[in-house]
Structures are given as structure tokens and as C-alpha cells.
Amino acid sequence: MLNSYITSYGYEIYRGDERLYWYDDFPHPQDSSLASTYPHHKHVPPDIKRHRIPAPGMSFSQPNLPGIIEEILAIK
């Protein structure tokens, strides 16, 4: 049996041409607000590149896509 592992990721969510938010695992150790889910975080508006929040659903040990798909389907 072949084992597979998530070692890095980036998930971008768009509506048409508009990027709504994205998730990634690029470490930001200087940002203590992200410590609870380090290195996993979500980029959100208004300053999507620099405004980051913790991402408790992201992991290297389990699939991330089911949760992301569920989140997308909940967008109105």
C-alpha cells in the first residue's frame, strides 16, 4: 500500500474572477495571532495578502478538501 502525505498546500477560492480568500501553510512565526493553528492560516479581506486568521480545519495529517468544499457550498 502506498502512503501519501500532505507536505504543503495552497487553496484559492474564487467567485468568477474575484478571489474571495485562500489558505496556505507558509509559516509566519512572528504573527502570534496564528499560533493556535501554526502554520495553517486563511487569508481574508480587506487586505487579503496581509490579513491572516487561524485555520483550525487545515492539517497535514488528514485531507483538507472535504472541509473546503463544504465551506464553499455554504457561501451565499
# chains A, B, ... in the order shown; residues from 1 in each chain; ligands from 1
$ select_by_dssp --residues "segment 21-76 of chain A" --states "strand (DSSP E or B)" --output "PyMOL selection string"
chain A and resi 21-24+41-43+52-54
$ write_last_selection --atoms "C-alpha atoms" --output "mmCIF file, in the first residue's frame"
data_model
loop_
_atom_site.group_PDB
_atom_site.id
_atom_site.type_symbol
_atom_site.label_atom_id
_atom_site.label_comp_id
_atom_site.auth_asym_id
_atom_site.auth_seq_id
_atom_site.Cartn_x
_atom_site.Cartn_y
_atom_site.Cartn_z
ATOM 1 C CA TYR A 21 -9.889 34.070 0.218
ATOM 2 C CA TRP A 22 -7.134 31.493 0.344
ATOM 3 C CA TYR A 23 -5.495 29.019 2.686
ATOM 4 C CA ASP A 24 -1.822 28.204 2.886
ATOM 5 C CA HIS A 41 -3.952 30.019 8.167
ATOM 6 C CA LYS A 42 -6.518 31.719 5.954
ATOM 7 C CA HIS A 43 -6.068 34.983 4.038
ATOM 8 C CA ARG A 52 -4.493 36.311 8.093
ATOM 9 C CA ILE A 53 -6.624 34.350 10.547
ATOM 10 C CA PRO A 54 -6.159 30.890 12.110
#
$ select_by_dssp --residues "chain A" --states "helix (DSSP H, G or I)" --output "list of chain:residue names"
A:Ser32, A:Ser33, A:Leu34, A:Ala35, A:Ser36, A:Thr37, A:Leu65, A:Pro66, A:Gly67, A:Ile68, A:Ile69, A:Glu70, A:Glu71, A:Ile72, A:Leu73
$ write_last_selection --atoms "N, CA and C atoms" --output "mmCIF file, in the first residue's frame"
data_model
loop_
_atom_site.group_PDB
_atom_site.id
_atom_site.type_symbol
_atom_site.label_atom_id
_atom_site.label_comp_id
_atom_site.auth_asym_id
_atom_site.auth_seq_id
_atom_site.Cartn_x
_atom_site.Cartn_y
_atom_site.Cartn_z
ATOM 1 N N SER A 32 1.701 36.161 16.281
ATOM 2 C CA SER A 32 1.211 35.344 17.402
ATOM 3 C C SER A 32 -0.278 35.022 17.297
ATOM 4 N N SER A 33 -1.033 35.797 16.518
ATOM 5 C CA SER A 33 -2.462 35.509 16.373
ATOM 6 C C SER A 33 -2.716 34.212 15.618
ATOM 7 N N LEU A 34 -1.688 33.686 14.934
ATOM 8 C CA LEU A 34 -1.831 32.446 14.164
ATOM 9 C C LEU A 34 -1.289 31.229 14.905
ATOM 10 N N ALA A 35 -0.794 31.417 16.110
ATOM 11 C CA ALA A 35 -0.132 30.335 16.852
ATOM 12 C C ALA A 35 -1.030 29.123 17.073
ATOM 13 N N SER A 36 -2.321 29.328 17.234
ATOM 14 C CA SER A 36 -3.219 28.211 17.550
ATOM 15 C C SER A 36 -3.323 27.186 16.430
ATOM 16 N N THR A 37 -3.040 27.574 15.191
ATOM 17 C CA THR A 37 -3.120 26.631 14.066
ATOM 18 C C THR A 37 -1.842 26.627 13.234
ATOM 19 N N LEU A 65 -9.563 18.957 1.577
ATOM 20 C CA LEU A 65 -10.566 19.313 0.566
ATOM 21 C C LEU A 65 -12.012 19.105 0.994
ATOM 22 N N PRO A 66 -12.379 18.056 1.724
ATOM 23 C CA PRO A 66 -13.787 17.931 2.123
ATOM 24 C C PRO A 66 -14.286 19.138 2.917
ATOM 25 N N GLY A 67 -13.487 19.647 3.831
ATOM 26 C CA GLY A 67 -13.886 20.818 4.611
ATOM 27 C C GLY A 67 -13.953 22.073 3.776
ATOM 28 N N ILE A 68 -13.022 22.217 2.841
ATOM 29 C CA ILE A 68 -13.032 23.389 1.966
ATOM 30 C C ILE A 68 -14.250 23.357 1.049
ATOM 31 N N ILE A 69 -14.560 22.204 0.511
ATOM 32 C CA ILE A 69 -15.741 22.072 -0.353
ATOM 33 C C ILE A 69 -17.008 22.408 0.429
ATOM 34 N N GLU A 70 -17.103 21.919 1.651
ATOM 35 C CA GLU A 70 -18.262 22.226 2.493
ATOM 36 C C GLU A 70 -18.371 23.735 2.737
ATOM 37 N N GLU A 71 -17.240 24.364 2.996
ATOM 38 C CA GLU A 71 -17.215 25.816 3.215
ATOM 39 C C GLU A 71 -17.669 26.570 1.948
ATOM 40 N N ILE A 72 -17.193 26.136 0.802
ATOM 41 C CA ILE A 72 -17.566 26.784 -0.468
ATOM 42 C C ILE A 72 -19.073 26.640 -0.714
ATOM 43 N N LEU A 73 -19.605 25.466 -0.478
ATOM 44 C CA LEU A 73 -21.029 25.228 -0.715
ATOM 45 C C LEU A 73 -21.906 26.084 0.210
#
$ closest_residue --among "A:Pro56, A:Pro63, A:Gln30, A:Lys49" --to "Glu12 of chain A" --atoms "only C-alpha atoms"
A:Lys49
$ residues_around --residues "Tyr38 of chain A" --least-positions-apart "6" --cutoff "9 Å" --atoms "only C-alpha atoms" --output "MDAnalysis selection string"
chainID A and resid 25 27:29 54:55
$ closest_residue --among "A:Ile75, A:Glu18, A:Asp31, A:Asn64" --to "Ile48 of chain A" --atoms "only C-alpha atoms"
A:Glu18
$ closest_residue --among "A:Gly10, A:Gln62, A:Gly57, A:Leu20" --to "Pro45 of chain A" --atoms "only C-alpha atoms"
A:Leu20
$ atom_distance --atom1 "atom CA of Tyr11 of chain A" --atom2 "atom CA of Asp47 of chain A"
17.3 Å
$ atom_distance --atom1 "atom CA of Arg50 of chain A" --atom2 "atom CA of Tyr9 of chain A"
17.8 Å
$ atom_distance --atom1 "atom CA of His51 of chain A" --atom2 "atom CA of Asp17 of chain A"
19.9 Å
$ decode --residues "segment 11-28 of chain A" --atoms "N, CA and C atoms" --output "PDB file, in the first residue's frame"
ATOM      1  N   TYR A  11      -4.763  26.717  -1.207  1.00  0.00           N
ATOM      2  CA  TYR A  11      -6.096  26.581  -1.778  1.00  0.00           C
ATOM      3  C   TYR A  11      -6.671  27.979  -1.974  1.00  0.00           C
ATOM      4  N   GLU A  12      -6.989  28.347  -3.190  1.00  0.00           N
ATOM      5  CA  GLU A  12      -7.551  29.657  -3.506  1.00  0.00           C
ATOM      6  C   GLU A  12      -9.014  29.496  -3.892  1.00  0.00           C
ATOM      7  N   ILE A  13      -9.857  30.350  -3.335  1.00  0.00           N
ATOM      8  CA  ILE A  13     -11.294  30.276  -3.582  1.00  0.00           C
ATOM      9  C   ILE A  13     -11.715  31.527  -4.353  1.00  0.00           C
ATOM     10  N   TYR A  14     -12.340  31.320  -5.502  1.00  0.00           N
ATOM     11  CA  TYR A  14     -12.774  32.407  -6.383  1.00  0.00           C
ATOM     12  C   TYR A  14     -14.273  32.356  -6.606  1.00  0.00           C
ATOM     13  N   ARG A  15     -14.847  33.519  -6.857  1.00  0.00           N
ATOM     14  CA  ARG A  15     -16.194  33.649  -7.416  1.00  0.00           C
ATOM     15  C   ARG A  15     -15.990  34.432  -8.700  1.00  0.00           C
ATOM     16  N   GLY A  16     -16.095  33.746  -9.837  1.00  0.00           N
ATOM     17  CA  GLY A  16     -15.758  34.380 -11.102  1.00  0.00           C
ATOM     18  C   GLY A  16     -14.277  34.749 -11.087  1.00  0.00           C
ATOM     19  N   ASP A  17     -13.977  36.018 -11.347  1.00  0.00           N
ATOM     20  CA  ASP A  17     -12.598  36.498 -11.327  1.00  0.00           C
ATOM     21  C   ASP A  17     -12.176  37.031  -9.961  1.00  0.00           C
ATOM     22  N   GLU A  18     -13.097  37.083  -9.018  1.00  0.00           N
ATOM     23  CA  GLU A  18     -12.811  37.654  -7.696  1.00  0.00           C
ATOM     24  C   GLU A  18     -12.270  36.581  -6.749  1.00  0.00           C
ATOM     25  N   ARG A  19     -11.066  36.795  -6.247  1.00  0.00           N
ATOM     26  CA  ARG A  19     -10.519  35.873  -5.244  1.00  0.00           C
ATOM     27  C   ARG A  19     -11.143  36.235  -3.904  1.00  0.00           C
ATOM     28  N   LEU A  20     -11.874  35.294  -3.324  1.00  0.00           N
ATOM     29  CA  LEU A  20     -12.573  35.529  -2.064  1.00  0.00           C
ATOM     30  C   LEU A  20     -11.644  35.380  -0.863  1.00  0.00           C
ATOM     31  N   TYR A  21     -10.830  34.336  -0.868  1.00  0.00           N
ATOM     32  CA  TYR A  21      -9.889  34.070   0.218  1.00  0.00           C
ATOM     33  C   TYR A  21      -8.990  32.924  -0.202  1.00  0.00           C
ATOM     34  N   TRP A  22      -7.956  32.667   0.599  1.00  0.00           N
ATOM     35  CA  TRP A  22      -7.134  31.493   0.344  1.00  0.00           C
ATOM     36  C   TRP A  22      -6.543  30.970   1.633  1.00  0.00           C
ATOM     37  N   TYR A  23      -6.172  29.699   1.585  1.00  0.00           N
ATOM     38  CA  TYR A  23      -5.495  29.019   2.686  1.00  0.00           C
ATOM     39  C   TYR A  23      -4.087  28.671   2.240  1.00  0.00           C
ATOM     40  N   ASP A  24      -3.147  28.742   3.158  1.00  0.00           N
ATOM     41  CA  ASP A  24      -1.822  28.204   2.886  1.00  0.00           C
ATOM     42  C   ASP A  24      -1.128  27.862   4.198  1.00  0.00           C
ATOM     43  N   ASP A  25       0.024  27.244   4.051  1.00  0.00           N
ATOM     44  CA  ASP A  25       0.783  26.806   5.228  1.00  0.00           C
ATOM     45  C   ASP A  25       2.137  27.495   5.328  1.00  0.00           C
ATOM     46  N   PHE A  26       2.313  28.607   4.626  1.00  0.00           N
ATOM     47  CA  PHE A  26       3.574  29.343   4.717  1.00  0.00           C
ATOM     48  C   PHE A  26       3.704  29.872   6.144  1.00  0.00           C
ATOM     49  N   PRO A  27       4.777  29.543   6.837  1.00  0.00           N
ATOM     50  CA  PRO A  27       4.890  29.919   8.247  1.00  0.00           C
ATOM     51  C   PRO A  27       5.070  31.428   8.459  1.00  0.00           C
ATOM     52  N   HIS A  28       4.378  31.929   9.453  1.00  0.00           N
ATOM     53  CA  HIS A  28       4.507  33.322   9.888  1.00  0.00           C
ATOM     54  C   HIS A  28       4.705  33.304  11.408  1.00  0.00           C
TER      55      HIS A  28
END
